[in-house]
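Everything below concerns the one structure shown next.
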Amino acid sequence: MSDSVDMTNRSCNDRPARLIALSVLVVILILAVPQFLRMPLTNDPVYYDLQAKNVLNDGVLYRDMVEPNLPGVVWLHIAVRSLLGDSSEAIRAADLLIFAGSVLVLCGAIIRTGGRASTALCAACGMFWCYLSLAEWSQVQRDPWLLLPAGIAMWLRERQIGRMRRAESTVSLFLFGLLEGIVWGMGVWIKPHIMIPAAIVWFLSAWLARRVTRSLVDLAGLVLGGLIVGAIGIMWLVRTGAWPYFWDTLTVLNPTYVAGVRREWKLSFFLGMCGRFLPWVLLYLPIIPLTLTWLNQSLRNASQVKGDRPTECTNDERRALWSALFLGWMLQAMFLQILFDYVHVPCLILAIALFAMWYAKQPAAVLRWTSFGLAVAALIMSPLAWPHRLTLWPRCLSEASGPELRNQLRRIADPDWEDLEQVARFLQEQNVATGDVVCYNNHLIHLYPRLGIQPKVRFVYQATWQLYLKSHIQEIQQDLLEHRPRYIISDLHAAGLSDAIARADGPRGPLSLPAEFPAEGRRLFPWRYPIVFRAGAYLVHEFPSQNAKPSVK
C-alpha cells in the first residue's frame with residue numbers, strides 16, 4: 001500500500017516538470033520539423049533511390065550499379081518510395097518517423113532504469129534538438145536508422161535476462177531469443193557493424209544471468225533468428241539474379257574500396273567532425289568513464305552475489321547493458337568504419353540517453369547545472385535558432401523544397417542547388433534521356449532524379465571509384481565506353497579550386513578551364529573534353545562520339 005502511495009506522490013510531484021518538458025518538446029518540433037523536411041538530401045539517399053527505382057523497373061541490384069553496402073537500405077527505400085512517393089520531403093518524413101521511434105524506445109529505457117517521465121521528456125528534447133540541428137550529411141542515413149532495431153532488441157534483451165534467471169520453459173526462452181535474433185538480423189542487413197555492440201551486449205547479459213545452459217539456449221535462438229533473416233535476404237538476392245554480383249562486390253570490390261578510403265583517415269578530419277558535433281560531443285567526457293564504471297560494477301556484483309538472484313533485470317543491470325551498447329557502438333564507429341559524420345550520430349544520441357540515466361540515478365546539483373549549461377550551449381550553437389533560418393520558417397511551412405530554398409537551408413557547401421538547376425535546364429533543352437548523362441562527382445547525382453532519368457554506367461560514382469578502385473580502373477573505363485554518354489558533368493571545386501577561381505571565366509571565356517587549373521589535370525578525364533555549358537563551378541563536357549574512340553584515362 002505504501003509503495004502505491006509513494007508512486008502516486010512521485011507522479012504528482014513530477015507533473016509540473018513533465019508538462020514543461022512536454023511543452024518544450026512541442027515547441028522544438030514545431031520550430032524544427034518544417035526546416036528539416038525542406039532541407040536538401042545528400043548524394044547517399046539519392047543513390048539508394050536510384051537503385052530502388054532500378055529494382056522496381058526490373059533491374060538487378062549490384063549488377064546495374066555498384067553498391068558497396070548490404071541491400072537492406074535499398075529495401076527500405078523501395079518501401080518508403082512505394083508508400084510515400086518520390087519527393088525529398090517523403091524520405092525525410094520517413095527518416096523523422098524512424099528517429100522518433102528510436103527516441104521513444106530510448107525514453108522507455110530511461111524510465112525503466114528509474115528515471116521519471118519528466119527526465120525522459122527532457123532527454124527527448126535533447127535528442128530531437130541534437131538530430132534536427134545536424135547537417136544534412138548526418139540525416140537520412142543507415143547508422144541513425146539502426147538505433148530503432150537496436151533499441152527494440154535491447155528491450156527484449158532486458159526481459160530475456162529475467163527469463164534466463166527464472167524457471168521458465170526452455171521453449172519460451174528459445175522463442176524470445178529467436179525474436180530478438182530476428183530484430184538484430186534486420187539491423188545487420190542495413191549495416192553489419194551492428195553485430196559488434198550486439199555481441200558485447202549478449203556476453204554481458206550472459207554474465208549477469210549466470211545460467212550457462214539457459215544462456216546457450218538463448219544464444220541458439222538468437223543465432224537461428226539471425227540466420228532466418230539472413231536466409232530470407234539471400235533468397236531475395238538469388239531470386240532477383242543479384243546474388244553473383246553481390247558476392248563479387250563483397251569479396252572483390254569492397255576490400256579494395258575500404259582499404260582505399262581508410263588511407264584518407266586524418267586527425268584533422270576527426271577534429272573537424274568533433275567541432276561539427278559541438279556541444280553534444282562534450283557529453284563523451286563524462287559518459288565514457290561513467291559507462292566503464294557501470295560495466296565494471298555490474299560485472300563485479302554479478303560475480304559476488306551468493307544465493308538467489310533477482311528474477312528481473314535490475315536498474316543497475318539495465319544501465320550496464322546500455323553502457324555496453326554505447327561502448328560497442330563507439331568501438332566499431334571509431335575503428336571499423338569510415339570517418340563520416342553520420343557514422344557517429346547514434347553514439348551522440350545514446351550519450352544523451354545515458355546522461356539522462358545518470359541524472360535519474362544521482363540527480364546532484366552538478367548534473368542539473370551541467371544540463372542547463374548544455375541546453376544553453378545547444379540553443380546558441382544550433383542552426384535551428386539562427387535568425388536567418390527562423391525567417392525561413394513560413395516558407396518551409398508553405399513551399400515545396402526548391403533550389404533557392406535548399407541553398408538557404410543547406411549546411412553543406414556542395415552542391416549549389418541554383419547552379420545545379422541551371423545545368424538541369426540546359427540538359428532538358430538537349431532532350432537528354434537515360435544513359436545520356438554521367439555525373440562525375442558524387443554530389444552531382446541529384447541531376448538524375450531531377451531530369452527523370454537513370455544512369456546507365458555501372459560505376460555511378462565515377463570520381464570515387466576511379467580514386468579508390470585503382471586496380472579496377474580498366475573495368476571502370478570500359479564500362480563508360482560501353483555505355484557512352486553524350487555529356488559528362490563535373491565540378492571545378494573537386495579539382496581543388498577555390499570558389500572564386502572555380503566561378504571565374506577561363507582565358508578563352510566561360511567555356512574554358514580557369515587559368516589556375518592544374519596543367520597535369522587538363523589531360524585527364526573528364527577535364528580534357530570540350531565544355532559546352534557552365535553554371536558557376538559546374539561544367540557540362542561533351543563526350544566524344546563513338547567514332548572518336550576517346551581515352552578516359
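Following the order of the C-alpha cells, first chain is A, next is B, and so on, with residues numbered from 1 inside each chain and ligands from 1 in the order they appear.
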
**Request:** For Ser133 of chain A, list every protein, DNA or RNA residue within 12 Å, evaluated using only C-alpha atoms, and leave out those in the same chain fewer than 4 positions away; present the list as a PyMOL selection string.
**Result:** chain A and resi 28-29+31-33+35-36+39+125-129+137-139+276-280+345+378-386+389+409-411

**Message:** With DSSP run on the backbone, what are the helix (DSSP H, G or I) residues within segment 41-150 of chain A? I'd like them as an MDAnalysis selection string.
**Reply:** chainID A and resid 43:56 72:84 88:112 117:133 136:138 142:150

Which residues of segment 363-460 of chain A come within 9 Å of segment 475-478 of chain A, and what is each one's closest atom pair and distance in Å (one decimal), counting only C-alpha atoms, sorted by chain and residue number, as a Markdown table?
```
| residue | atom | partner | partner_atom | distance |
| --- | --- | --- | --- | --- |
| A:Val457 | CA | A:Ile476 | CA | 8.8 |
| A:Arg458 | CA | A:Ile476 | CA | 8.2 |
| A:Phe459 | CA | A:Ile476 | CA | 6.4 |
```

**Message:** From the options A:Val171, A:Val26, A:Ile232, A:Leu132, which residue's atoms come nearest to Asp95 of chain A, counting only C-alpha atoms?
**Reply:**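 Smallest distance to Asp95 of chain A is found for A:Leu132.
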
**Request:** Would you list the contacts of Gln454 of chain A as a ChimeraX atom specification, taking every protein, DNA or RNA residue within 8 Å and counting only C-alpha atoms, but skipping same-chain residues closer than 3 positions in sequence?
**Result:** /A:50,54,434-435,448-449

**Item:** Contacts of segment 120-123 of chain A within 8 Å, only C-alpha atoms, excl. fewer than 3 positions in-chain, as a PyMOL selection string
**Value:** chain A and resi 18+21-22+25+107-108+110-111+115-117+126-127+352-353+356

Export N, CA and C atoms of the chosen residues as a PDB file, in the first residue's frame?
```
ATOM      1  N   ARG A  18       6.958  17.560 -15.952  1.00  0.00           N
ATOM      2  CA  ARG A  18       6.571  16.797 -17.143  1.00  0.00           C
ATOM      3  C   ARG A  18       5.857  17.703 -18.159  1.00  0.00           C
ATOM      4  N   ALA A  21       8.467  20.062 -19.775  1.00  0.00           N
ATOM      5  CA  ALA A  21       9.312  19.351 -20.743  1.00  0.00           C
ATOM      6  C   ALA A  21       8.528  19.015 -22.008  1.00  0.00           C
ATOM      7  N   LEU A  22       7.278  18.610 -21.838  1.00  0.00           N
ATOM      8  CA  LEU A  22       6.448  18.278 -22.989  1.00  0.00           C
ATOM      9  C   LEU A  22       6.190  19.521 -23.845  1.00  0.00           C
ATOM     10  N   LEU A  25       9.275  20.259 -25.847  1.00  0.00           N
ATOM     11  CA  LEU A  25       9.400  19.304 -26.951  1.00  0.00           C
ATOM     12  C   LEU A  25       8.484  19.692 -28.108  1.00  0.00           C
ATOM     13  N   CYS A 107      13.583   6.630 -24.492  1.00  0.00           N
ATOM     14  CA  CYS A 107      12.879   7.204 -23.339  1.00  0.00           C
ATOM     15  C   CYS A 107      12.305   6.103 -22.455  1.00  0.00           C
ATOM     16  N   GLY A 108      11.809   5.031 -23.083  1.00  0.00           N
ATOM     17  CA  GLY A 108      11.351   3.888 -22.298  1.00  0.00           C
ATOM     18  C   GLY A 108      12.470   3.285 -21.472  1.00  0.00           C
ATOM     19  N   ILE A 110      15.078   4.914 -20.314  1.00  0.00           N
ATOM     20  CA  ILE A 110      15.366   5.855 -19.218  1.00  0.00           C
ATOM     21  C   ILE A 110      14.395   5.632 -18.070  1.00  0.00           C
ATOM     22  N   ILE A 111      13.128   5.449 -18.377  1.00  0.00           N
ATOM     23  CA  ILE A 111      12.115   5.212 -17.332  1.00  0.00           C
ATOM     24  C   ILE A 111      12.355   3.865 -16.663  1.00  0.00           C
ATOM     25  N   GLY A 115      14.240   6.475 -14.094  1.00  0.00           N
ATOM     26  CA  GLY A 115      14.026   7.885 -14.395  1.00  0.00           C
ATOM     27  C   GLY A 115      12.552   8.252 -14.378  1.00  0.00           C
ATOM     28  N   ARG A 116      12.284   9.493 -14.094  1.00  0.00           N
ATOM     29  CA  ARG A 116      10.921   9.996 -14.140  1.00  0.00           C
ATOM     30  C   ARG A 116      10.531  10.300 -15.585  1.00  0.00           C
ATOM     31  N   ALA A 117       9.237  10.458 -15.786  1.00  0.00           N
ATOM     32  CA  ALA A 117       8.755  10.800 -17.114  1.00  0.00           C
ATOM     33  C   ALA A 117       9.306  12.147 -17.567  1.00  0.00           C
ATOM     34  N   GLY A 126      16.472  16.891 -25.894  1.00  0.00           N
ATOM     35  CA  GLY A 126      17.873  16.934 -26.291  1.00  0.00           C
ATOM     36  C   GLY A 126      18.143  16.125 -27.551  1.00  0.00           C
ATOM     37  N   MET A 127      17.547  14.937 -27.643  1.00  0.00           N
ATOM     38  CA  MET A 127      17.779  14.081 -28.812  1.00  0.00           C
ATOM     39  C   MET A 127      17.252  14.736 -30.077  1.00  0.00           C
ATOM     40  N   ILE A 352      23.250  11.064 -24.906  1.00  0.00           N
ATOM     41  CA  ILE A 352      22.193  11.869 -24.284  1.00  0.00           C
ATOM     42  C   ILE A 352      21.318  10.985 -23.396  1.00  0.00           C
ATOM     43  N   ALA A 353      20.946   9.797 -23.895  1.00  0.00           N
ATOM     44  CA  ALA A 353      20.122   8.876 -23.098  1.00  0.00           C
ATOM     45  C   ALA A 353      20.859   8.421 -21.843  1.00  0.00           C
ATOM     46  N   ALA A 356      20.876  11.061 -19.207  1.00  0.00           N
ATOM     47  CA  ALA A 356      19.588  11.096 -18.507  1.00  0.00           C
ATOM     48  C   ALA A 356      19.490   9.961 -17.488  1.00  0.00           C
TER      49      ALA A 356
END
```

Which residues of segment 262-329 of chain A sit at most 7 Å from segment 193-212 of chain A, using only C-alpha atoms? Give each one's shortest atom pair and distance in Å (one decimal place), in chain and ascending residue order, as CSV.
```
residue,atom,partner,partner_atom,distance
A:Ala302,CA,A:Leu208,CA,5.4
A:Leu321,CA,A:Val201,CA,6.0
A:Ala324,CA,A:Val201,CA,5.6
A:Leu325,CA,A:Pro197,CA,5.0
A:Gly328,CA,A:Pro197,CA,4.1
A:Trp329,CA,A:Pro197,CA,5.4
```

**Message:** Can you tell me which residues surround Asp416 of chain A at a distance of at most 9 Å, considering only C-alpha atoms, apart from same-chain residues fewer than 3 positions away, and format the answer as number ranges by chain?
**Reply:** A: 403, 406-407, 413, 419-421, 536-537

**Item:** d(atom CA of Pro289 of chain A, atom CA of Glu312 of chain A) in Å
**Value:**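 Computed distance, atom CA of Pro289 of chain A to atom CA of Glu312 of chain A, equals 26.3 Å.
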
**Request:** Using atom CA of Gln422 of chain A and atom CA of Pro387 of chain A as the two end points, give the distance in Å to one decimal.
**Result:**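 That distance, rounded to one decimal, is 28.8 Å.
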